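Novice: Following this message is one structure expressed as C-alpha cells.
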2 protein chains.
Amino acid sequence: MRSTTARPANIHQARLLRLLRDLGPQSRVALGDQVELSRSKLAFEIERLLETGLVVPDGLAASRGGRRSHNVRITPALRFLGVDIGATSVDVAVTNAELDILGHQTEPLDVRDGPVAVFEQVLALVGKVRETASVEHFDGAGIGVPGPVRFPEGVPVAPPIMPGWNGFPVREAMSQELGCPVLVDNDVNLMALGEQQAGVARSVRDFLCVKLGTGIGCGIVVGGEVHRGVTGSAGDIGHIQVEPDGLRCACGNAGCLEAYFGGNALARDATAAARSGRSTELAGRLEAAGRLTAEDVSAAAGAGDAVALELIRWGGKRTGQVIAGLVSFFNPGLVVIGGGLTGLGHNLLASIRTQVYRQSLPLATGNLPIVLGELGQCAGVVGGARLISDHVFSPA
Amino acid sequence: MRSTTARPANIHQARLLRLLRDLGPQSRVALGDQVELSRSKLAFEIERLLETGLVVPDGLAASRGGRRSHNVRITPALRFLGVDIGATSVDVAVTNAELDILGHQTEPLDVRDGPVAVFEQVLALVGKVRETASVEHFDGAGIGVPGPVRFPEGVPVAPPIMPGWNGFPVREAMSQELGCPVLVDNDVNLMALGEQQAGVARSVRDFLCVKLGTGIGCGIVVGGEVHRGVTGSAGDIGHIQVEPDGLRCACGNAGCLEAYFGGNALARDATAAARSGRSTELAGRLEAAGRLTAEDVSAAAGAGDAVALELIRWGGKRTGQVIAGLVSFFNPGLVVIGGGLTGLGHNLLASIRTQVYRQSLPLATGNLPIVLGELGQCAGVVGGARLISDHVFSPA
DNA sequence: AAACTTTCTTCATTTGATGGACAAAGCCGG
DNA sequence: CCGGCTTTGTCCATCAAATGAAGAAAGTTT
C-alpha cells in the first residue's frame with residue numbers, strides 16, 4: 001500500500017506534468033519549446049519532479065544532429081480511474097498517467113436503484129477492472145453521474161432521473177472507499193472533457209458536446225474550461241421546449257425535447273408504431289424481445305423500415321431545432337454528438353445537421369463542424385480520468 | 001495635445017488601477033486588503049504609479065485610531081469615451097477614470113445609412129459632448145454596434161441589420177479619428193459590461209443580459225468575462241425559433257423570436273391592431289403620428305388598452321420562452337433585461353418571469369433573479385468605457 | 001580527427017518579493 | 001500636555017526565483 005500520491009510543488013511542475021500527459025515522453029528541450037522558462041529553470045523543475053518520483057527517465061531520444069536528449073515521462077505506475085454512471089449502464093476504466101485505457105468494463109445498471117445499490121455494483125465492477133488490469137492502488141478517480149452535481153462538494157442535486165441520489169455524498173463516499181482523490185461531475189461534462197482530451201475536440205476551446213442517450217444533455221466548454229453553471233445544472237437541454245403546448249413530458253412541462261426524442265421517447269414511439277401495425281419490422285422485434293429499445297429502431301432502420309427511419313429523422317430534427325438555438329446563442333467552434341443514440345447511424349447526424357444549418361444564423365454555422373464523438377462509449381471514462389488528473393497534476 | 005496615455009508596467013499595477021477605478025480613492029492599506037502583496041511591494045508599485053502620473057495623491061483619510069492614511073486615486077484627468085450605436089439611435093458619453101458619466105448625448109440615427117454617414121453623425125455628437133464636458137483628449141473609447149463584431153480587429157461581420165457595415169474597419173477608423181485606443185464590440189456585450197460595472201450585475205460572475213430593442217440580443221458573461229463566440233456572434237438570440245413553421249422572419253427563416261417580438265414586430269402588430277379597429281386607442285395614436293412605435297404601445301397600455309396590454313404580454317411570453325431555454329442551458333446566476341422595450345413597463349417583465357419560472361428546470365430557476373437593468377440607456381456607454389478602461393489598465 | 005550541433009549542468013548575477021525594524025502621525029486617558 | 005497605544009508609511013537586509021552565459025558532455029558530419 002502506497003502512501004498518498006506526490007503532487008507538483010508549483011504551477012511550473014503542474015504545467016510540465018500536463019504536457020507530459022498530453023504529449024507523452026519528451027526531452028527537456030522539447031518541453032522548453034512549450035513553456036516560457038529558461039532551460040536552467042526547466043532542468044531544475046524536472047530534477048525536482050524526478051526526485052519526487054512523479055517523473056522518470058525514459059531513455060535516450062534519437063539524435064537531431066548533436067547530443068542525444070534524455071527523455072522523461074510521467075511515472076508509468078500512476079493509475080487513474082474513470083467511472084461513467086449512465087441511466088441504464090455503467091462504464092469503468094483504468095488509465096495510466098497518459099490517460100491510455102488499460103482496462104475497461106461495462107455492464108447494465110439501473111440508476112433508479114439508488115446510490116447504495118449502485119455503488120455496490122460499481123465497486124464490484126471496479127474490483128473486476130482492477131483485477132484484469134492488475135492495479136493495486138488508484139491515484140485518483142473521476143466519476144460521472146447522469147444528473148446535476150454541486151461540483152465543489154461532489155454531491156448530486158435534485159437529479160430528476162436519479163431518485164434517492166439527492167444530496168448523497170458521492171465524492172466523500174468514493175474517496176473513502178477507493179482511498180484516493182475523487183471528483184464527481186455530470187456525465188455530459190465528462191464526455192466533453194474526454195473528447196477534448198483524446199477525441200474530436202482536441203485544440204478546440206469553445207464547443208458543445210451533446211449527449212443523446214436515455215436523456216439528453218450538453219457539455220459546455222468555454223475557453224477550454226467546462227462551464228457548470230451556478231447550481232451545476234448547465235447543459236440540461238433535455239427540457240428545452242421544442243413545441244409550444246406540445247407533448248406532455250415527465251418533468252411536468254409540455255413540449256420538452258425529451259418528450260420527443262431520447263431513449264425513452266424513442267422506445268415509446270417505436271412501441272406505438274409496432275402496436276399500431278404501421279411497422280411490421282418493429283412489431284416483429286417487439287414480439288421477439290417483449291420491449292423495444294433504440295437498438296431495435298436502429299436495426300429496423302438498417303433493414304430499411306420506413307417508420308424507423310422516420311422516427312430517427314424526426315428525432316434528429318427536434319434535436320437539431322434545439323441545437324440550432326444553442327448555436328445561435330453560444331456560437332461554438334464545434335458541436336460534438338455523442339451518447340448511446342449515436343448508434344442510430346448516419347441518418348440521425350444528417351438530420352441534425354440539416355436542421356441546424358437551416359435554422360441557425362449563417363455567421364454562426366458558416367464554419368461549424370457538427371460531428372460524432374470519436375471516443376464513443378469511452379468518452380466518459382476518459383473524461384473522468386482527465387478531470388481527476390487535472391486535479392492531481394495541480395499544486396497541492 | 002498630450003502624448004499617449006501611460007500604461008501600467010505590470011499586472012500588479014494593472015490590478016491596483018482597476019481597484020481604484022471600481023472602489024474610488026483608497027489608502028494604501030485598504031488596497032493591501034484587496035491584493036496579496038506585501039506592504040512594501042504595494043507601496044513600491046504605488047510609488048511607480050504616482051511617478052507615471054496614472055495615480056495622484058488624494059488627501060488624508062479620517063483616522064482609524066492611529067496615523068491618518070494618505071489616499072490615492074486614479075488621475076482625474078483621464079477621460080474615456082463610450083459610444084453606443086443602436087439601430088435607431090446613438091448614445092455618447094464621457095467618463096472619468098472611475099467611469100462616472102461626465103457628459104451624455106443622445107440622438108436618433110439610422111444605422112442603415114451606412115458607416116460613413118453614421119460616423120459623421122457620431123463624430124459630431126462626440127464633438128458636442130466633448131464641448132459640454134470640456135474634454136480635450138480621450139484616453140480610450142469603447143464603441144458598441146448593433147451586430148456581430150470580430151472583436152480582435154474591431155470589425156463588424158455580416159451584420160444583418162447593418163447593410164454596408166460588413167468589414168468596415170470601425171476600430172481603425174475611430175482610433176485614427178479620436179487619436180486614442182479604441183475597442184469595438186457588440187452593443188449587447190457592452191450593455192452586459194455596463195451592468196456588471198455599475199449596475200445590477202455587480203459581483204455576479206455568470207449572467208445573461210437580454211437586450212430588447214429594435215432587435216433582440218443577449219450578452220453572455222462567463223466567469224466574469226464576456227463570451228463572444230468563435231465568430232463574434234454569440235448572444236444572437238433574436239432568430240432562435242419560438243414557433244415551428246411560424247411567422248416569416250426578415251432573416252429568411254420562420255418562427256424566429258424577432259418575428260414575434262422586438263421593436264419592429266411590435267410596431268407591425270400595433271399598426272395591424274389599429275387598422276383592424278381592435279384598438280381605438282392605438283388607432284388614435286396612429287392617426288396622430290402616422291406610424292406607431294413601442295412608446296405608443298406603452299402609452300396605450302398605460303391608458304388601459306387591452307390590446308396593447310395583450311401585445312406586451314405575448315411578447316414577454318415569447319421572450320420568456322427563449323430565455324427559459326437559455327437558462328436551462330446556461331444556468332446563470334442572474335438574468336438582466338434591458339433595452340428600449342423595457343419602457344413597456346412591469347407587465348413585460350412579469351410576463352417574462354412567469355414564462356421562465358414555469359418552463360425552466362427548478363434547479364436552474366430556484367434562486368434566479370430576473371431583473372431590469374439599473375442603468376437604462378446608459379448601460380451601453382458605461383460598458384464601452386469599462387471595456388476600454390480594462391484595456392488601458394492592463395500592462396502595455 | 002577536426003569542426004560543428006545539440007543537450008545538459010553549473011554558477012554568478014539579477015530581479016522580485018518579503019518581513020521586520022523603525023519613524024511618523026494620529027488617538028486617548030490621565 | 002505627556003506618555004502609552006494604534007495605525008500608517010518607509011527603509012533595508014535578506015530570502016527566493018529566475019536568468020543568461022559559460023562550459024562540459026555527447027553526437028554527427030566531413
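We label chains A, B, ... in the order they appear in the C-alpha cells, count residues from 1 in each chain, and number ligands from 1 in the order shown.
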Would you give me, as number ranges by chain, the residues in stretch 348-379 of chain A that DSSP reads as alpha helix (DSSP H)?
Specialist: A: 348-359, 362-365, 379
Novice: Would you list the contacts of stretch 18-21 of chain C as a list in words, taking every protein, DNA or RNA residue within 12 Å and counting only C-alpha atoms (C1' of nucleotides), but skipping same-chain residues closer than 3 positions in sequence?
Specialist: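 Everything that qualifies: Glu36, Leu37, Ser38, Arg39, Ser40, Lys41 and Leu42 of chain B; DT10, DC11, DC12, DA13, DT14, DC15 and DA16 of chain D.
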Novice: As a PyMOL selection string, please: the residues near A:Val135 (cut-off 10 Å, only C-alpha atoms (C1' of nucleotides), same-chain neighbours under 6 positions excluded).
Specialist: chain A and resi 77-80+94-95+102-103+127+129
Novice: Save the residues we just selected, C-alpha atoms, as a tab-separated table (two decimals), in the first residue's frame?
Specialist:
```tsv
chain	number	residue	atom	x	y	z
A	77	ALA	CA	2.99	3.50	-12.16
A	78	LEU	CA	0.23	6.11	-11.90
A	79	ARG	CA	-3.32	4.81	-12.29
A	80	PHE	CA	-6.47	6.82	-12.74
A	94	VAL	CA	-8.34	2.35	-15.60
A	95	THR	CA	-5.82	4.56	-17.31
A	102	LEU	CA	-5.52	-0.10	-19.61
A	103	GLY	CA	-8.73	-1.88	-18.78
A	127	GLY	CA	-12.77	-4.66	-8.49
A	129	VAL	CA	-11.24	-3.98	-13.79
```
Novice: Which chain C residues have any atom within 6 Å of an atom of chain B, and for each, what is the nearest pair of atoms with distance in Å to one decimal, counting only C-alpha atoms (C1' of nucleotides), rows sorted by chain and number, as JSON lines?
Specialist:
```
{"residue": "C:DA25", "atom": "C1'", "partner": "B:Arg67", "partner_atom": "CA", "distance": 4.4}
{"residue": "C:DG26", "atom": "C1'", "partner": "B:Arg67", "partner_atom": "CA", "distance": 4.0}
{"residue": "C:DC27", "atom": "C1'", "partner": "B:Gly65", "partner_atom": "CA", "distance": 5.1}
```
Novice: Quick one: everything within 9 Å of B:Gly179, counting only C-alpha atoms (C1' of nucleotides), minus sequence neighbours fewer than 3 positions away in the same chain. Send it as a list of chain:residue names.
Specialist: B:Thr4, B:His137, B:Phe138, B:Asp139, B:Gly140, B:Met174, B:Ser175, B:Gln176, B:Val182
Novice: List as CSV every residue of chain D that is in contact with chain B, defined as an atom at most 9 Å from one of its atoms (using only C-alpha atoms (C1' of nucleotides)), together with the nearest atom pair and the distance in Å rounded to one decimal, sorted by chain and then rising number.
Specialist:
```
residue,atom,partner,partner_atom,distance
D:DC5,C1',B:Gly66,CA,8.7
D:DT6,C1',B:Gly66,CA,4.8
D:DT7,C1',B:Gly66,CA,4.0
D:DT8,C1',B:Arg67,CA,5.4
D:DG9,C1',B:Ala43,CA,8.3
D:DT10,C1',B:Ser40,CA,8.3
```
Novice: Grab the residues selected above and save them as a CSV table (one decimal), in the first residue's frame with all heavy atoms.
Specialist:
```
chain,number,residue,atom,x,y,z
D,5,DC,P,1.0,50.6,26.5
D,5,DC,OP1,0.4,49.6,27.3
D,5,DC,OP2,2.4,50.5,26.0
D,5,DC,O5',0.1,50.8,25.2
D,5,DC,C5',-1.3,51.1,25.4
D,5,DC,C4',-1.9,51.5,24.0
D,5,DC,O4',-1.4,52.8,23.6
D,5,DC,C3',-1.5,50.5,22.9
D,5,DC,O3',-2.7,49.9,22.4
D,5,DC,C2',-0.9,51.4,21.8
D,5,DC,C1',-1.3,52.8,22.2
D,5,DC,N1,-0.3,53.8,21.8
D,5,DC,C2,-0.6,54.8,20.9
D,5,DC,O2,-1.8,54.8,20.5
D,5,DC,N3,0.3,55.7,20.6
D,5,DC,C4,1.5,55.7,21.0
D,5,DC,N4,2.4,56.6,20.7
D,5,DC,C5,1.9,54.6,22.0
D,5,DC,C6,1.0,53.8,22.3
D,6,DT,P,-2.5,48.8,21.2
D,6,DT,OP1,-3.6,47.8,21.4
D,6,DT,OP2,-1.1,48.5,21.1
D,6,DT,O5',-3.0,49.7,19.9
D,6,DT,C5',-4.1,50.5,20.0
D,6,DT,C4',-4.3,51.2,18.6
D,6,DT,O4',-3.3,52.3,18.5
D,6,DT,C3',-4.0,50.3,17.4
D,6,DT,O3',-5.0,50.4,16.5
D,6,DT,C2',-2.6,50.8,16.9
D,6,DT,C1',-2.6,52.3,17.3
D,6,DT,N1,-1.3,52.8,17.5
D,6,DT,C2,-0.9,54.0,16.9
D,6,DT,O2,-1.7,54.6,16.2
D,6,DT,N3,0.4,54.4,17.2
D,6,DT,C4,1.3,53.8,18.0
D,6,DT,O4,2.4,54.3,18.1
D,6,DT,C5,0.8,52.6,18.6
D,6,DT,C7,1.8,51.8,19.5
D,6,DT,C6,-0.4,52.1,18.4
D,7,DT,P,-5.1,49.4,15.2
D,7,DT,OP1,-6.5,49.1,15.1
D,7,DT,OP2,-4.1,48.3,15.4
D,7,DT,O5',-4.7,50.3,14.0
D,7,DT,C5',-5.3,51.5,13.8
D,7,DT,C4',-4.5,52.4,12.9
D,7,DT,O4',-3.2,52.7,13.5
D,7,DT,C3',-4.0,51.7,11.6
D,7,DT,O3',-4.6,52.4,10.5
D,7,DT,C2',-2.5,51.7,11.6
D,7,DT,C1',-2.2,52.8,12.6
D,7,DT,N1,-0.9,52.7,13.3
D,7,DT,C2,0.0,53.7,13.1
D,7,DT,O2,-0.2,54.7,12.4
D,7,DT,N3,1.2,53.6,13.8
D,7,DT,C4,1.5,52.5,14.6
D,7,DT,O4,2.6,52.5,15.2
D,7,DT,C5,0.5,51.5,14.7
D,7,DT,C7,0.8,50.3,15.6
D,7,DT,C6,-0.7,51.6,14.1
D,8,DT,P,-4.3,51.9,9.0
D,8,DT,OP1,-5.5,52.4,8.2
D,8,DT,OP2,-3.9,50.5,9.0
D,8,DT,O5',-3.0,52.8,8.6
D,8,DT,C5',-3.1,54.2,8.6
D,8,DT,C4',-1.8,54.8,8.2
D,8,DT,O4',-0.8,54.5,9.2
D,8,DT,C3',-1.2,54.3,6.9
D,8,DT,O3',-1.0,55.4,6.1
D,8,DT,C2',0.0,53.5,7.3
D,8,DT,C1',0.4,54.2,8.6
D,8,DT,N1,1.2,53.4,9.5
D,8,DT,C2,2.5,53.8,9.9
D,8,DT,O2,2.9,54.9,9.5
D,8,DT,N3,3.1,53.0,10.8
D,8,DT,C4,2.7,51.8,11.3
D,8,DT,O4,3.4,51.1,12.0
D,8,DT,C5,1.4,51.3,10.8
D,8,DT,C7,0.8,50.0,11.2
D,8,DT,C6,0.7,52.2,9.9
D,9,DG,P,-0.6,55.2,4.5
D,9,DG,OP1,-1.1,56.3,3.8
D,9,DG,OP2,-0.9,53.8,4.1
D,9,DG,O5',1.0,55.4,4.6
D,9,DG,C5',1.6,56.6,5.0
D,9,DG,C4',3.1,56.5,5.1
D,9,DG,O4',3.4,55.7,6.2
D,9,DG,C3',3.8,56.0,3.8
D,9,DG,O3',4.8,56.9,3.5
D,9,DG,C2',4.3,54.6,4.3
D,9,DG,C1',4.5,54.8,5.7
D,9,DG,N9,4.4,53.6,6.5
D,9,DG,C8,3.4,52.7,6.6
D,9,DG,N7,3.6,51.7,7.4
D,9,DG,C5,4.8,52.0,7.9
D,9,DG,C6,5.6,51.3,8.9
D,9,DG,O6,5.3,50.2,9.5
D,9,DG,N1,6.8,51.9,9.2
D,9,DG,C2,7.2,53.1,8.6
D,9,DG,N2,8.4,53.5,9.0
D,9,DG,N3,6.5,53.8,7.7
D,9,DG,C4,5.4,53.1,7.4
D,10,DT,P,5.6,56.6,2.2
D,10,DT,OP1,5.9,57.9,1.6
D,10,DT,OP2,5.0,55.6,1.4
D,10,DT,O5',7.0,56.1,2.8
D,10,DT,C5',7.7,56.8,3.8
D,10,DT,C4',9.0,56.2,4.2
D,10,DT,O4',8.7,55.0,5.1
D,10,DT,C3',9.8,55.6,3.1
D,10,DT,O3',11.1,56.1,3.3
D,10,DT,C2',9.7,54.1,3.2
D,10,DT,C1',9.5,53.9,4.7
D,10,DT,N1,8.7,52.7,5.1
D,10,DT,C2,9.3,51.9,6.1
D,10,DT,O2,10.3,52.2,6.7
D,10,DT,N3,8.5,50.8,6.5
D,10,DT,C4,7.3,50.4,5.9
D,10,DT,O4,6.7,49.4,6.3
D,10,DT,C5,6.8,51.3,4.9
D,10,DT,C7,5.5,51.0,4.2
D,10,DT,C6,7.5,52.4,4.5
```
Novice: For the interface of chain B with chain A (cut-off 6 Å, counting only C-alpha atoms), please tabulate each contacting residue of chain B alongside its nearest pair of atoms and their separation in Å to one decimal, rows sorted by chain and increasing number, as CSV.
Specialist:
```
residue,atom,partner,partner_atom,distance
B:Gly229,CA,A:Asn331,CA,4.7
B:Val230,CA,A:Gly333,CA,5.7
B:Ala234,CA,A:Asn331,CA,4.7
B:Gly235,CA,A:Phe329,CA,4.5
B:Asp236,CA,A:Phe329,CA,5.5
B:Ile237,CA,A:Phe329,CA,5.5
B:Ile240,CA,A:Gly325,CA,5.1
B:Gly325,CA,A:Ile240,CA,5.0
B:Ser328,CA,A:Asp236,CA,5.6
B:Phe329,CA,A:Gly235,CA,4.5
B:Phe330,CA,A:Ala234,CA,4.8
B:Asn331,CA,A:Gly229,CA,4.7
B:Pro332,CA,A:Gly229,CA,5.9
B:Gly333,CA,A:Val230,CA,5.7
```
Novice: What's the 9 Å shell around B:Ala273, counting only C-alpha atoms (C1' of nucleotides), without same-chain residues fewer than 4 positions away, as a list in words?
Specialist: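 Non-adjacent residues within range: Arg268, Asp269, Gly277, Arg278, Ser279, Thr280, Leu282, Ala283, Val307 and Ala308 of chain B.
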Novice: With only C-alpha atoms as the atoms that count, which of B:Val371, B:Leu212, B:Ala396, B:Leu247 lies nearest to B:Ala294?
Specialist: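 Under the stated criterion, the closest residue is B:Leu212.
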Novice: For atom CA of B:Arg353 and atom CA of B:Gly246, quote the distance in Å rounded to one decimal.
Specialist: 23.1 Å
Novice: Kindly give the distance, in Å, that separates atom CA of B:Val336 and atom CA of A:Ala192, rounded to a single decimal.
Specialist: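 Answer for the atom CA of B:Val336 to atom CA of A:Ala192 separation: 28.9 Å.
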Novice: Check the DSSP output for the backbone and give back, as a list in words, the residues of stretch 161-382 of chain A in strand (DSSP E).
Specialist: Val182, Leu183, Val184, Asp185, Asn186, Phe207, Leu208, Cys209, Val210, Lys211, Leu212, Ile216, Gly217, Cys218, Gly219, Ile220, Val221, Val222, Glu225, Val226, Val335, Val336, Ile337, Gly338, Ile370, Val371 and Leu372 of chain A
Novice: Have a look at B:Gly284, B:Gln26, B:Asp187, B:Gly302 and name the one nearest to B:Val90; count only C-alpha atoms.
Specialist: B:Asp187
Novice: Just to confirm, what's the straight-line distance from atom CA of B:Ile143 to atom CA of B:Gly384 in Å (one decimal)?
Specialist: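 Spanning atom CA of B:Ile143 to atom CA of B:Gly384 is a straight-line distance of 5.7 Å.
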Novice: Applying 12 Å and only C-alpha atoms (C1' of nucleotides), which residues near C:DA3 remain after dropping the ones on its own chain fewer than 6 positions away? List them as a PDB file with N, CA and C atoms (P, O5', C5', C4', C3', O3' and C1' of nucleotides), in the first residue's frame.
Specialist:
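Final output, selection-v5.pdb:
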```pdb
ATOM      1  P    DT D  28      25.300   9.920 -33.643  1.00  0.00           P
ATOM      2  O5'  DT D  28      25.535  11.245 -34.497  1.00  0.00           O
ATOM      3  C5'  DT D  28      24.433  12.106 -34.787  1.00  0.00           C
ATOM      4  C4'  DT D  28      24.853  13.125 -35.828  1.00  0.00           C
ATOM      5  C3'  DT D  28      25.312  12.512 -37.157  1.00  0.00           C
ATOM      6  O3'  DT D  28      24.734  13.229 -38.237  1.00  0.00           O
ATOM      7  C1'  DT D  28      27.007  13.911 -36.278  1.00  0.00           C
ATOM      8  P    DT D  29      24.847  12.656 -39.710  1.00  0.00           P
ATOM      9  O5'  DT D  29      25.980  13.606 -40.309  1.00  0.00           O
ATOM     10  C5'  DT D  29      25.874  15.029 -40.143  1.00  0.00           C
ATOM     11  C4'  DT D  29      27.115  15.702 -40.702  1.00  0.00           C
ATOM     12  C3'  DT D  29      27.622  15.112 -42.027  1.00  0.00           C
ATOM     13  O3'  DT D  29      27.936  16.178 -42.921  1.00  0.00           O
ATOM     14  C1'  DT D  29      29.368  15.171 -40.450  1.00  0.00           C
ATOM     15  P    DT D  30      28.151  15.866 -44.466  1.00  0.00           P
ATOM     16  O5'  DT D  30      29.685  16.254 -44.676  1.00  0.00           O
ATOM     17  C5'  DT D  30      30.210  17.440 -44.015  1.00  0.00           C
ATOM     18  C4'  DT D  30      31.722  17.405 -44.080  1.00  0.00           C
ATOM     19  C3'  DT D  30      32.295  16.745 -45.342  1.00  0.00           C
ATOM     20  O3'  DT D  30      33.384  17.502 -45.845  1.00  0.00           O
ATOM     21  C1'  DT D  30      33.224  15.748 -43.438  1.00  0.00           C
TER      22       DT D  30
END
```
Novice: Considering only C-alpha atoms, can you say which of A:Gly53, A:Gly320, A:Pro152, A:Gly24 comes closest to A:Val356?
Specialist: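 Of A:Gly53, A:Gly320, A:Pro152, A:Gly24, the one nearest A:Val356 is A:Gly320, counting only C-alpha atoms.
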Novice: Compile the contact shell of B:Ala93 as a list in words: residues with an atom at most 9 Å away, counting only C-alpha atoms (C1' of nucleotides), same-chain residues fewer than 3 positions apart removed.
Specialist: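 Final neighbour list, sorted by chain and number: Phe80, Leu81, Gly82, Val83, Asp84, Ile101, Leu102, Gly103, His104, Gln105, Thr106, Val126, Val129, Arg130, Cys378, Val381, Val382 and Ala385 of chain B.
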